[in-house]
>>> print(open('query-v6.txt').read())   # compact mmCIF, C-alpha atoms
# COMPACT_ATOMS: atom_id res chain seq x y z
CA MET A 1 -9.98 -36.61 -26.14
CA SER A 2 -12.47 -33.73 -26.42
CA TRP A 3 -14.44 -33.08 -29.59
CA TYR A 4 -12.54 -29.92 -30.38
CA ASP A 5 -9.20 -31.72 -30.61
CA SER A 6 -10.34 -33.31 -33.89
CA ALA A 7 -12.60 -30.47 -35.05
CA VAL A 8 -12.51 -28.87 -38.48
CA PHE A 9 -14.38 -25.56 -38.34
CA TYR A 10 -16.42 -23.79 -40.96
CA HIS A 11 -16.66 -20.08 -40.16
CA ILE A 12 -19.83 -18.26 -41.21
CA TYR A 13 -20.46 -14.51 -40.93
CA PRO A 14 -24.26 -14.77 -41.19
CA LEU A 15 -25.20 -11.12 -41.71
CA GLY A 16 -22.96 -11.06 -44.77
CA LEU A 17 -23.70 -14.50 -46.16
CA CYS A 18 -27.46 -13.87 -45.97
CA GLY A 19 -27.25 -10.41 -47.52
CA CYS A 20 -28.65 -8.57 -44.50
CA ALA A 21 -28.93 -4.78 -44.42
CA HIS A 22 -25.74 -3.23 -43.05
CA GLU A 23 -27.79 -1.15 -40.62
CA ASN A 24 -30.44 -3.00 -38.66
CA ASP A 25 -33.75 -2.06 -40.27
CA GLY A 26 -35.71 -4.65 -38.28
CA ARG A 27 -36.55 -6.69 -41.37
CA ALA A 28 -35.56 -10.33 -41.71
CA VAL A 29 -34.09 -11.73 -44.90
CA PRO A 30 -36.65 -14.35 -46.03
CA GLY A 31 -35.32 -17.88 -45.59
CA ALA A 32 -32.08 -16.84 -43.91
CA PHE A 33 -31.85 -19.90 -41.69
CA ALA A 34 -32.79 -22.22 -44.55
CA LYS A 35 -29.86 -20.75 -46.45
CA LEU A 36 -27.59 -21.11 -43.42
CA ASP A 37 -28.65 -24.75 -43.10
CA ALA A 38 -27.74 -25.42 -46.73
CA TRP A 39 -24.31 -23.91 -46.16
CA ALA A 40 -23.78 -25.90 -42.97
CA ALA A 41 -24.71 -29.07 -44.87
CA HIS A 42 -22.22 -28.09 -47.59
CA ALA A 43 -19.59 -27.61 -44.87
CA GLY A 44 -20.28 -31.14 -43.67
CA GLU A 45 -19.79 -32.46 -47.19
CA ILE A 46 -16.25 -31.07 -47.28
CA GLY A 47 -15.41 -32.50 -43.88
CA CYS A 48 -16.23 -29.68 -41.44
CA ASN A 49 -17.61 -31.19 -38.23
CA ALA A 50 -17.96 -27.86 -36.41
CA ILE A 51 -19.48 -24.48 -37.27
CA TYR A 52 -18.42 -21.11 -35.92
CA ILE A 53 -21.28 -18.70 -36.65
CA GLY A 54 -21.28 -15.09 -35.61
CA PRO A 55 -21.97 -12.42 -34.74
CA LEU A 56 -25.52 -13.63 -34.30
CA PHE A 57 -27.35 -11.59 -31.68
CA GLU A 58 -29.33 -8.37 -32.01
CA SER A 59 -27.16 -5.41 -32.92
CA GLY A 60 -27.39 -2.06 -34.61
CA SER A 61 -25.07 -2.70 -37.55
CA HIS A 62 -22.21 -5.15 -38.11
CA GLY A 63 -23.11 -7.43 -35.24
CA TYR A 64 -20.42 -6.47 -32.75
CA ASP A 65 -22.41 -3.54 -31.32
CA THR A 66 -24.69 -5.88 -29.36
CA VAL A 67 -28.08 -4.55 -28.30
CA ASP A 68 -29.68 -7.75 -26.97
CA TYR A 69 -27.62 -10.83 -26.13
CA ARG A 70 -30.68 -12.99 -25.78
CA ARG A 71 -32.34 -12.36 -29.10
CA VAL A 72 -31.13 -13.55 -32.48
CA ASP A 73 -30.61 -10.59 -34.80
CA ARG A 74 -34.01 -9.95 -36.34
CA ARG A 75 -32.35 -9.50 -39.75
CA LEU A 76 -31.68 -13.26 -39.63
CA GLY A 77 -34.84 -14.54 -37.94
CA THR A 78 -35.96 -15.79 -34.55
CA ASN A 79 -34.58 -17.62 -31.56
CA GLU A 80 -36.73 -20.62 -32.49
CA GLU A 81 -35.23 -20.74 -35.97
CA PHE A 82 -31.71 -20.63 -34.59
CA ALA A 83 -32.47 -23.41 -32.09
CA ALA A 84 -33.78 -25.57 -34.94
CA TRP A 85 -30.68 -24.74 -37.01
CA VAL A 86 -28.36 -25.85 -34.18
CA ALA A 87 -30.37 -29.06 -33.80
CA ALA A 88 -29.96 -29.75 -37.53
CA CYS A 89 -26.20 -29.21 -37.24
CA HIS A 90 -26.06 -31.60 -34.29
CA GLN A 91 -28.06 -34.15 -36.30
CA ARG A 92 -25.29 -34.01 -38.94
CA GLY A 93 -22.64 -34.46 -36.24
CA GLN A 94 -21.55 -30.80 -36.28
CA LYS A 95 -20.80 -28.82 -33.14
CA VAL A 96 -21.77 -25.12 -33.03
CA ILE A 97 -20.01 -22.17 -31.41
CA VAL A 98 -21.15 -18.53 -31.46
CA ASP A 99 -19.58 -15.12 -30.97
CA GLY A 100 -19.56 -13.85 -27.40
CA VAL A 101 -19.05 -10.09 -27.63
CA PHE A 102 -18.48 -9.54 -23.92
CA ASN A 103 -15.97 -6.70 -24.01
CA HIS A 104 -18.33 -4.01 -25.30
CA VAL A 105 -21.93 -3.29 -26.25
CA GLY A 106 -23.81 -1.05 -28.64
CA ARG A 107 -25.20 2.28 -27.53
CA ASP A 108 -28.76 0.89 -27.52
CA PHE A 109 -27.93 -1.78 -24.95
CA PHE A 110 -30.45 -1.43 -22.10
CA ALA A 111 -27.88 -0.58 -19.41
CA PHE A 112 -26.26 2.13 -21.52
CA ARG A 113 -29.64 3.65 -22.38
CA ASP A 114 -30.33 3.84 -18.65
CA LEU A 115 -26.96 5.54 -18.10
CA LYS A 116 -27.77 8.16 -20.73
CA GLU A 117 -31.15 8.82 -19.14
CA ARG A 118 -30.25 8.75 -15.42
CA ARG A 119 -26.55 9.73 -15.58
CA GLU A 120 -25.11 9.73 -12.03
CA GLY A 121 -28.30 8.16 -10.73
CA SER A 122 -28.12 5.13 -13.01
CA ALA A 123 -27.88 1.74 -11.31
CA TYR A 124 -25.65 0.72 -14.26
CA ARG A 125 -23.04 3.49 -14.10
CA ASP A 126 -20.45 0.99 -12.83
CA TRP A 127 -21.21 -1.45 -15.66
CA PHE A 128 -19.02 0.66 -17.94
CA CYS A 129 -15.38 1.73 -17.85
CA ASP A 130 -14.06 5.24 -17.28
CA VAL A 131 -17.40 7.04 -17.24
CA ASN A 132 -16.64 10.75 -16.85
CA PHE A 133 -19.59 13.09 -16.29
CA TRP A 134 -17.32 16.09 -16.86
CA GLY A 135 -16.62 14.95 -20.41
CA ASN A 136 -18.52 14.66 -23.68
CA ASN A 137 -18.33 12.93 -27.06
CA GLU A 138 -19.50 13.20 -30.67
CA TYR A 139 -22.97 12.00 -29.66
CA ASN A 140 -23.24 14.90 -27.17
CA ASP A 141 -24.10 12.53 -24.32
CA GLY A 142 -22.79 14.99 -21.77
CA PHE A 143 -20.27 12.41 -20.52
CA SER A 144 -17.45 10.29 -21.93
CA TYR A 145 -16.56 6.62 -21.51
CA ALA A 146 -14.05 3.98 -22.54
CA ASN A 147 -14.65 2.20 -25.82
CA TRP A 148 -13.12 -0.44 -28.06
CA GLY A 149 -10.66 0.63 -30.72
CA GLY A 150 -11.43 4.32 -30.44
CA HIS A 151 -15.04 3.78 -31.54
CA ASN A 152 -17.66 5.28 -29.23
CA LEU A 153 -20.21 3.10 -31.00
CA LEU A 154 -18.69 0.24 -28.95
CA VAL A 155 -19.04 0.98 -25.24
CA LYS A 156 -16.58 -0.93 -23.06
CA LEU A 157 -18.07 -3.01 -20.26
CA ASN A 158 -16.47 -3.29 -16.83
CA GLN A 159 -15.87 -7.05 -16.64
CA ARG A 160 -14.53 -6.73 -13.10
CA ASN A 161 -17.97 -5.72 -11.90
CA PRO A 162 -19.61 -8.85 -10.40
CA ALA A 163 -22.99 -7.77 -11.77
CA VAL A 164 -21.59 -7.60 -15.32
CA GLN A 165 -19.94 -11.00 -14.93
CA GLN A 166 -23.17 -12.52 -13.66
CA TYR A 167 -25.11 -10.97 -16.53
CA HIS A 168 -22.73 -12.57 -19.03
CA PHE A 169 -22.85 -15.92 -17.24
CA ASN A 170 -26.65 -15.84 -17.27
CA THR A 171 -26.47 -15.09 -21.00
CA VAL A 172 -24.24 -18.11 -21.61
CA ARG A 173 -26.60 -20.28 -19.59
CA PHE A 174 -29.47 -18.96 -21.71
CA TRP A 175 -27.58 -19.84 -24.92
CA VAL A 176 -26.93 -23.38 -23.72
CA GLU A 177 -30.46 -23.97 -22.41
CA GLN A 178 -32.25 -22.39 -25.38
CA PHE A 179 -29.91 -23.23 -28.27
CA ASP A 180 -27.65 -26.05 -26.97
CA ILE A 181 -24.48 -24.38 -28.28
CA ASP A 182 -21.14 -26.13 -27.76
CA GLY A 183 -18.78 -23.21 -27.22
CA ILE A 184 -18.04 -19.52 -27.60
CA ARG A 185 -15.55 -17.49 -29.57
CA LEU A 186 -14.70 -14.57 -27.27
CA ASP A 187 -14.47 -11.42 -29.34
CA ALA A 188 -11.55 -9.11 -28.46
CA ALA A 189 -10.23 -11.54 -25.87
CA ASP A 190 -6.90 -9.72 -25.89
CA VAL A 191 -8.53 -6.84 -23.99
CA LEU A 192 -10.86 -8.87 -21.77
CA ASP A 193 -10.16 -9.03 -18.04
CA PHE A 194 -8.25 -12.21 -17.16
CA GLY A 195 -10.24 -12.72 -13.98
CA PHE A 196 -13.46 -12.62 -15.99
CA MET A 197 -12.16 -15.22 -18.46
CA GLN A 198 -11.00 -17.50 -15.65
CA ASN A 199 -14.38 -17.25 -13.93
CA LEU A 200 -16.10 -17.91 -17.27
CA ARG A 201 -13.99 -21.05 -17.73
CA SER A 202 -15.02 -22.33 -14.28
CA PHE A 203 -18.65 -21.48 -14.96
CA THR A 204 -18.85 -23.21 -18.34
CA GLU A 205 -17.04 -26.32 -17.12
CA GLY A 206 -19.95 -26.87 -14.75
CA LEU A 207 -22.53 -25.92 -17.36
CA LYS A 208 -21.90 -28.39 -20.19
CA PRO A 209 -19.25 -31.10 -20.69
CA ASP A 210 -16.51 -30.20 -23.19
CA PHE A 211 -17.81 -26.65 -23.62
CA TRP A 212 -15.12 -24.89 -25.68
CA LEU A 213 -13.78 -21.35 -25.21
CA LEU A 214 -11.86 -19.76 -28.09
CA GLY A 215 -10.35 -16.30 -27.72
CA GLU A 216 -9.72 -13.74 -30.44
CA VAL A 217 -6.12 -12.74 -29.78
CA ILE A 218 -3.83 -11.04 -32.31
CA HIS A 219 -0.35 -10.64 -30.80
CA GLY A 220 1.56 -11.75 -27.74
CA ASP A 221 2.31 -14.86 -25.76
CA TYR A 222 -0.76 -16.95 -26.54
CA SER A 223 -0.22 -19.11 -23.45
CA ARG A 224 -1.37 -16.16 -21.31
CA TRP A 225 -4.88 -16.77 -22.68
CA ALA A 226 -4.82 -20.43 -23.76
CA ASN A 227 -4.11 -22.50 -20.66
CA PRO A 228 -5.94 -24.85 -18.27
CA ALA A 229 -7.28 -21.96 -16.15
CA THR A 230 -8.42 -19.52 -18.84
CA LEU A 231 -9.35 -20.43 -22.45
CA HIS A 232 -8.93 -23.64 -24.42
CA SER A 233 -7.52 -21.97 -27.53
CA VAL A 234 -6.92 -18.67 -29.31
CA THR A 235 -6.90 -17.50 -32.92
CA ASN A 236 -3.45 -18.12 -34.38
CA TYR A 237 -2.86 -14.78 -36.08
CA GLU A 238 0.89 -15.25 -35.82
CA LEU A 239 0.78 -18.32 -38.05
CA HIS A 240 -1.86 -16.72 -40.29
CA LYS A 241 0.60 -13.97 -41.16
CA GLY A 242 3.41 -16.46 -41.75
CA LEU A 243 1.30 -18.61 -44.06
CA TRP A 244 0.89 -15.96 -46.73
CA SER A 245 4.06 -13.90 -46.24
CA GLY A 246 6.21 -17.04 -45.97
CA HIS A 247 5.08 -17.94 -49.48
CA ASN A 248 5.29 -14.42 -50.90
CA ASP A 249 8.84 -14.06 -49.57
CA HIS A 250 9.85 -17.64 -50.46
CA ASN A 251 10.71 -18.13 -46.81
CA TYR A 252 9.55 -21.35 -45.19
CA PHE A 253 11.77 -20.51 -42.24
CA GLU A 254 9.11 -18.01 -41.14
CA ILE A 255 6.41 -20.70 -40.94
CA ALA A 256 8.66 -23.31 -39.34
CA HIS A 257 10.05 -20.82 -36.80
CA THR A 258 6.52 -19.69 -35.93
CA MET A 259 5.47 -23.26 -35.18
CA ARG A 260 8.58 -23.88 -33.05
CA ARG A 261 8.03 -20.68 -31.11
CA LEU A 262 4.36 -21.42 -30.50
CA GLN A 263 5.09 -24.98 -29.43
CA GLY A 264 7.62 -23.61 -26.97
CA LEU A 265 5.05 -21.19 -25.57
CA CYS A 266 1.89 -23.28 -25.73
CA GLY A 267 3.07 -26.90 -25.60
CA GLU A 268 0.25 -29.30 -26.45
CA THR A 269 -2.40 -26.56 -26.80
CA ARG A 270 -4.04 -26.62 -30.21
CA LEU A 271 -4.43 -23.11 -31.60
CA TYR A 272 -7.19 -22.15 -34.04
CA THR A 273 -5.59 -22.17 -37.49
CA PHE A 274 -6.95 -20.11 -40.39
CA SER A 275 -5.85 -18.66 -43.70
CA ASP A 276 -8.42 -15.84 -43.76
CA ASN A 277 -11.49 -14.66 -41.85
CA HIS A 278 -14.06 -11.86 -41.63
CA ASP A 279 -11.44 -9.28 -40.59
CA VAL A 280 -8.58 -10.00 -43.02
CA GLU A 281 -8.36 -10.02 -46.80
CA ARG A 282 -8.76 -13.29 -48.67
CA LEU A 283 -5.74 -15.26 -49.78
CA PRO A 284 -6.07 -14.48 -53.51
CA ASN A 285 -5.69 -10.80 -52.64
CA LYS A 286 -2.57 -11.35 -50.55
CA LEU A 287 -0.62 -14.01 -52.41
CA ARG A 288 1.72 -13.19 -55.28
CA SER A 289 1.08 -16.66 -56.68
CA ARG A 290 -2.40 -18.13 -56.42
CA ALA A 291 -0.87 -21.57 -56.85
CA HIS A 292 0.17 -21.26 -53.20
CA ILE A 293 -3.45 -21.41 -52.03
CA ARG A 294 -3.03 -25.19 -52.28
CA HIS A 295 0.13 -25.09 -50.15
CA ILE A 296 -1.61 -23.08 -47.45
CA ALA A 297 -4.68 -25.32 -47.41
CA ILE A 298 -2.40 -28.31 -46.82
CA LEU A 299 -0.56 -26.50 -44.04
CA VAL A 300 -3.79 -25.47 -42.29
CA TYR A 301 -4.80 -29.13 -42.10
CA THR A 302 -1.44 -30.71 -41.35
CA LEU A 303 0.27 -28.36 -38.89
CA TRP A 304 -0.49 -28.83 -35.20
CA GLY A 305 -3.73 -26.96 -34.51
CA ILE A 306 -7.47 -26.82 -35.16
CA PRO A 307 -8.11 -26.12 -38.87
CA SER A 308 -10.85 -23.83 -40.10
CA ILE A 309 -12.27 -22.55 -43.39
CA TYR A 310 -13.90 -19.14 -43.80
CA TYR A 311 -17.01 -19.43 -45.95
CA GLY A 312 -16.22 -19.00 -49.63
CA SER A 313 -12.49 -19.52 -49.23
CA GLU A 314 -12.94 -23.16 -50.20
CA PHE A 315 -13.91 -21.80 -53.63
CA GLY A 316 -10.90 -19.47 -53.85
CA ILE A 317 -13.01 -16.29 -53.89
CA GLU A 318 -11.49 -12.83 -53.59
CA GLY A 319 -12.15 -10.31 -50.83
CA LYS A 320 -10.40 -7.00 -50.27
CA LYS A 321 -11.12 -4.16 -47.86
CA GLU A 322 -12.38 -1.05 -49.62
CA TRP A 323 -12.45 2.46 -48.17
CA GLY A 324 -11.79 1.02 -44.74
CA SER A 325 -14.87 -1.22 -44.88
CA ASP A 326 -14.84 -4.92 -43.95
CA TRP A 327 -18.08 -5.69 -45.79
CA PRO A 328 -16.27 -6.85 -48.99
CA LEU A 329 -14.73 -9.57 -46.81
CA ARG A 330 -18.24 -10.69 -45.76
CA PRO A 331 -20.12 -11.19 -49.04
CA CYS A 332 -23.55 -12.54 -49.82
CA LEU A 333 -22.97 -15.83 -51.66
CA GLU A 334 -25.24 -18.43 -53.25
CA LEU A 335 -24.30 -22.10 -53.18
CA ALA A 336 -25.84 -22.58 -56.61
CA ASP A 337 -23.06 -20.41 -58.06
CA PHE A 338 -20.50 -23.03 -57.01
CA GLU A 339 -22.19 -26.16 -58.31
CA ASN A 340 -19.78 -29.07 -58.99
CA ALA A 341 -16.92 -27.08 -57.45
CA ALA A 342 -15.64 -30.10 -55.51
CA GLU A 343 -15.03 -31.93 -58.80
CA GLU A 344 -13.88 -29.02 -60.97
CA ASN A 345 -12.35 -26.28 -58.79
CA PRO A 346 -8.78 -27.17 -57.69
CA VAL A 347 -9.14 -25.17 -54.44
CA THR A 348 -12.46 -26.77 -53.48
CA SER A 349 -11.23 -30.19 -54.47
CA VAL A 350 -8.14 -30.05 -52.26
CA TYR A 351 -10.16 -28.76 -49.29
CA ALA A 352 -12.66 -31.61 -49.70
CA ALA A 353 -9.86 -34.16 -49.93
CA LEU A 354 -8.15 -32.76 -46.84
CA GLY A 355 -11.45 -32.92 -44.98
CA ARG A 356 -11.82 -36.61 -45.83
CA LEU A 357 -8.24 -37.32 -44.80
CA LYS A 358 -8.68 -35.48 -41.51
CA ALA A 359 -11.61 -37.78 -40.72
CA ASP A 360 -9.92 -40.96 -41.93
CA GLU A 361 -6.33 -40.46 -40.74
CA PRO A 362 -5.91 -40.18 -36.94
CA ALA A 363 -2.29 -39.11 -37.50
CA LEU A 364 -3.52 -35.73 -38.78
CA THR A 365 -5.06 -35.09 -35.36
CA TYR A 366 -2.95 -37.02 -32.88
CA GLY A 367 0.30 -37.63 -34.77
CA ARG A 368 3.48 -36.05 -33.45
CA PRO A 369 5.01 -33.43 -35.78
CA GLN A 370 8.46 -34.29 -37.13
CA GLU A 371 10.37 -31.84 -39.33
CA LEU A 372 12.13 -33.55 -42.25
CA LEU A 373 13.46 -30.73 -44.44
CA LEU A 374 13.57 -26.94 -44.29
CA THR A 375 14.99 -24.47 -46.78
CA THR A 376 13.69 -21.11 -47.93
CA GLU A 377 11.77 -22.73 -50.81
CA ARG A 378 11.14 -26.30 -49.63
CA TYR A 379 9.46 -27.62 -46.52
CA ALA A 380 8.67 -31.15 -45.46
CA PHE A 381 7.36 -32.54 -42.19
CA ALA A 382 5.44 -35.56 -40.99
CA ARG A 383 2.63 -36.30 -38.57
CA VAL A 384 3.50 -39.69 -37.07
CA LEU A 385 1.22 -42.09 -35.17
CA ASP A 386 1.47 -45.84 -34.57
CA GLY A 387 3.63 -46.64 -37.57
CA ARG A 388 1.69 -44.35 -39.92
CA ALA A 389 3.08 -41.07 -41.26
CA LEU A 390 1.40 -38.30 -43.25
CA VAL A 391 4.17 -36.31 -44.93
CA THR A 392 3.61 -32.74 -46.15
CA VAL A 393 5.96 -31.83 -49.01
CA LEU A 394 5.99 -28.28 -50.38
CA ASN A 395 7.90 -26.36 -53.04
CA ASN A 396 7.25 -22.62 -53.37
CA ALA A 397 9.76 -22.03 -56.19
CA ASP A 398 9.00 -21.81 -59.90
CA ALA A 399 11.51 -24.58 -60.68
CA PRO A 400 10.89 -28.27 -59.91
CA ALA A 401 12.46 -29.61 -56.73
CA ARG A 402 13.98 -32.93 -55.69
CA LEU A 403 13.57 -33.67 -51.98
CA GLU A 404 15.53 -36.38 -50.22
CA LEU A 405 14.02 -37.02 -46.79
CA PRO A 406 14.60 -39.36 -43.86
CA LEU A 407 11.87 -41.95 -43.44
CA PRO A 408 9.72 -41.05 -40.41
CA VAL A 409 8.36 -44.64 -40.26
CA PRO A 410 9.42 -47.90 -41.91
CA ALA A 411 7.88 -48.03 -45.40
CA ASP A 412 8.39 -49.59 -48.82
CA GLU A 413 6.43 -47.08 -50.85
CA ALA A 414 4.73 -43.68 -50.67
CA GLU A 415 1.19 -42.79 -51.78
CA ASP A 416 0.16 -39.35 -53.02
CA LEU A 417 -3.02 -38.80 -51.04
CA LEU A 418 -4.08 -35.76 -53.07
CA ALA A 419 -3.39 -37.19 -56.52
CA ASP A 420 -7.08 -37.39 -57.45
CA CYS A 421 -7.86 -33.73 -56.73
CA ALA A 422 -8.79 -31.43 -59.58
CA GLY A 423 -5.67 -29.69 -60.85
CA SER A 424 -3.26 -32.13 -59.23
CA GLU A 425 0.05 -32.73 -60.98
CA ALA A 426 2.24 -35.82 -61.21
CA VAL A 427 4.53 -36.34 -58.24
CA ALA A 428 7.26 -38.96 -58.24
CA ALA A 429 7.66 -40.35 -54.73
CA ARG A 430 9.60 -43.50 -53.88
CA VAL A 431 11.47 -45.15 -51.05
CA GLU A 432 15.10 -45.77 -51.92
CA ASN A 433 17.93 -46.94 -49.64
CA GLY A 434 15.97 -46.04 -46.54
CA ARG A 435 15.20 -42.53 -47.80
CA LEU A 436 12.07 -40.92 -49.19
CA ILE A 437 12.75 -39.35 -52.59
CA VAL A 438 10.16 -36.84 -53.84
CA GLU A 439 10.20 -34.92 -57.11
CA LEU A 440 7.80 -31.96 -56.98
CA PRO A 441 6.74 -29.65 -59.80
CA GLY A 442 7.31 -25.93 -59.36
CA ASN A 443 4.93 -24.09 -57.03
CA TYR A 444 3.38 -27.34 -55.91
CA GLY A 445 2.77 -29.36 -52.78
CA THR A 446 1.03 -32.52 -51.70
CA LEU A 447 0.50 -34.95 -48.85
CA LEU A 448 2.07 -38.40 -48.87
CA GLY A 449 1.07 -41.48 -46.91
CA LEU A 450 3.70 -43.84 -45.51
CA GLY A 451 3.44 -47.01 -43.48
CA ARG A 452 0.40 -48.88 -42.23
>>> encode(input="query-v6.txt", output="structure tokens")
Amino acid sequence: MSWYDSAVFYHIYPLGLCGCAHENDGRAVPGAFAKLDAWAAHAGEIGCNAIYIGPLFESGSHGYDTVDYRRVDRRLGTNEEFAAWVAACHQRGQKVIVDGVFNHVGRDFFAFRDLKERREGSAYRDWFCDVNFWGNNEYNDGFSYANWGGHNLLVKLNQRNPAVQQYHFNTVRFWVEQFDIDGIRLDAADVLDFGFMQNLRSFTEGLKPDFWLLGEVIHGDYSRWANPATLHSVTNYELHKGLWSGHNDHNYFEIAHTMRRLQGLCGETRLYTFSDNHDVERLPNKLRSRAHIRHIAILVYTLWGIPSIYYGSEFGIEGKKEWGSDWPLRPCLELADFENAAEENPVTSVYAALGRLKADEPALTYGRPQELLLTTERYAFARVLDGRALVTVLNNADAPARLELPLPVPADEAEDLLADCAGSEAVAARVENGRLIVELPGNYGTLLGLGR
């Protein structure tokens, strides 16, 4: 199996974590990569064997208006510092993927500057979509062009242009040769050209073994993007929505139906599973009951997929969009402020325990999912492999619940694998007359081990 099948990702938005200026002032934050190394080491301590870091390359503001694909954003440091950081991650056994913002560029990208200067005479006029020299825009360029999301700050590239494709491929080769990255998260993959993505897949397969391509996709049939010819995986926004709304609405049918639907569409493909990220509000700001953060953490690790943690979410921090800005979702944090969290913070403790179990229990990666119980307020399923079963049991109601489940594997007793976490409550679990009987407190969930 490939490394990404058993990966647990830690997602870092570096410009935010390091407290960089929101507009690129050309000044580096002192010690940014030392700080990023400390956070990557922390991620390893809670079981994350892969890092998704991005956006990373030179931009004018938030990182997605790329100016130079082949230079690390000077607010963070230098190419040499990033290469050393990747090497340190690899030394710890962590893979590294970066943002590939290939759909659009910032207005200071060299080819767009040339277009503004030379207009019809620019050698790069066909690098961009829908350039209209009879139009204009708020920058008074004297022409208009296609953009991303209605923002003329983000100029859409023509990925069908062979020269643009080759430029991107040369960039990826540069990233591998200079930094030894292990994959790319394709920003805005839902609007990228399919031919471009297929050619990128072919190119990277010959560039580095097990190079991983993840696409940012919100809605739709994910198998259009995640398949043997295009990308390896996509961001599972459909499940992300179900994770928090299924608990707020006391409706586990939403989560279970989502998983059935996605399995029907995507088969064995493992989608990238997350509870929050740099574009969506943190769980504490979306959940009616913060007790359900534990439930969602368990689901992220035990449902079929590739689990990930967005930096700070393992501490249960808040993050809410304000005045249309995403920066509150991308805060500057200091590890020292969360000292001893793994022992004392119930959210951190359960994430750390799940990380250990993911490493120690092959069933959490390779085990077949088997649904055992589904009601609006109770959900139980197993991951089964070679006579071993890891059983997720959840209760989202205020009242205690008694679950009577079929045994997924022969067993004489059940072990609560999260009993030692901070904030854990007593769970009665026993095997009786060939059934698994579980008594859960209200608004509580855990993971049980059965069999050898």
>>> closest_atom_pairs(input="query-v6.txt", of="range 53-150 of chain A", to="range 22-36 of chain A", cutoff="10 Å", atoms="all atoms listed in the file", output="Markdown table")
| residue | atom | partner | partner_atom | distance |
| --- | --- | --- | --- | --- |
| A:Ile53 | CA | A:Leu36 | CA | 9.6 |
| A:Glu58 | CA | A:Asn24 | CA | 8.6 |
| A:Ser59 | CA | A:Asn24 | CA | 7.0 |
| A:Gly60 | CA | A:Asn24 | CA | 5.2 |
| A:Ser61 | CA | A:Glu23 | CA | 4.4 |
| A:His62 | CA | A:His22 | CA | 6.4 |
| A:Gly63 | CA | A:Asn24 | CA | 9.2 |
| A:Asp73 | CA | A:Ala28 | CA | 8.5 |
| A:Arg74 | CA | A:Ala28 | CA | 5.6 |
| A:Arg75 | CA | A:Ala28 | CA | 3.9 |
| A:Leu76 | CA | A:Ala28 | CA | 5.3 |
| A:Gly77 | CA | A:Ala28 | CA | 5.7 |
| A:Thr78 | CA | A:Ala28 | CA | 9.0 |
| A:Glu81 | CA | A:Phe33 | CA | 6.7 |
| A:Phe82 | CA | A:Phe33 | CA | 7.1 |
| A:Ala84 | CA | A:Phe33 | CA | 9.0 |
| A:Trp85 | CA | A:Phe33 | CA | 6.8 |
>>> closest_residue(input="query-v6.txt", among="A:Ser313, A:Ser223, A:Ser2, A:Asn285", to="Thr269 in chain A", atoms="all atoms listed in the file")
A:Ser223
>>> atom_distance(input="query-v6.txt", atom1="CA of Ala21 in chain A", atom2="CA of His278 in chain A")
16.7 Å
>>> closest_residue(input="query-v6.txt", among="A:Leu436, A:Leu214, A:Ala188, A:Val8", to="Ile51 in chain A", atoms="only C-alpha atoms")
A:Val8
>>> residues_around(input="query-v6.txt", residues="Thr302 in chain A", least_positions_apart="4", cutoff="10 Å", atoms="only C-alpha atoms", output="PyMOL selection string")
chain A and resi 296-298+306-307+354+358+363-365+367+369+381-383+390-392+447
>>> write_last_selection(input="query-v6.txt", atoms="C-alpha atoms", output="compact mmCIF listing (two decimals), in the frame of the given file")
# COMPACT_ATOMS: atom_id res chain seq x y z
CA ILE A 296 -1.61 -23.08 -47.45
CA ALA A 297 -4.68 -25.32 -47.41
CA ILE A 298 -2.40 -28.31 -46.82
CA ILE A 306 -7.47 -26.82 -35.16
CA PRO A 307 -8.11 -26.12 -38.87
CA LEU A 354 -8.15 -32.76 -46.84
CA LYS A 358 -8.68 -35.48 -41.51
CA ALA A 363 -2.29 -39.11 -37.50
CA LEU A 364 -3.52 -35.73 -38.78
CA THR A 365 -5.06 -35.09 -35.36
CA GLY A 367 0.30 -37.63 -34.77
CA PRO A 369 5.01 -33.43 -35.78
CA PHE A 381 7.36 -32.54 -42.19
CA ALA A 382 5.44 -35.56 -40.99
CA ARG A 383 2.63 -36.30 -38.57
CA LEU A 390 1.40 -38.30 -43.25
CA VAL A 391 4.17 -36.31 -44.93
CA THR A 392 3.61 -32.74 -46.15
CA LEU A 447 0.50 -34.95 -48.85
>>> atom_distance(input="query-v6.txt", atom1="CA of Val67 in chain A", atom2="CA of Val98 in chain A")
15.9 Å
>>> residues_around(input="query-v6.txt", residues="Gly445 in chain A", least_positions_apart="2", cutoff="7 Å", atoms="only C-alpha atoms", output="list of chain:residue names")
A:His295, A:Val393, A:Leu394, A:Asn395
>>> residues_around(input="query-v6.txt", residues="range 156-173 of chain A", least_positions_apart="4", cutoff="9 Å", atoms="all atoms listed in the file", output="list of chain:residue names")
A:Tyr69, A:Arg70, A:Gly100, A:Phe102, A:Asn103, A:His104, A:Val105, A:Asp126, A:Trp127, A:Phe128, A:Cys129, A:Asp130, A:Tyr145, A:Ala146, A:Asn147, A:Trp148, A:Asn152, A:Glu177, A:Gln178, A:Ile184, A:Leu192, A:Asp193, A:Gly195, A:Phe196, A:Asn199, A:Leu200, A:Phe203, A:Thr204, A:Leu207
>>> residues_around(input="query-v6.txt", residues="Tyr124 in chain A", least_positions_apart="6", cutoff="9 Å", atoms="only C-alpha atoms", output="PyMOL selection string")
chain A and resi 111-112+114-115
>>> residues_near_point(input="query-v6.txt", point="(-20.7, -33.4, -48.7)", cutoff="12 Å", atoms="all atoms listed in the file", output="PyMOL selection string")
chain A and resi 38-49+92+340-343+348-349+351-353+355-356
>>> residues_around(input="query-v6.txt", residues="Gly215 in chain A", least_positions_apart="2", cutoff="7 Å", atoms="all atoms listed in the file", output="PyMOL selection string")
chain A and resi 185-187+189+213+217+231+233-235
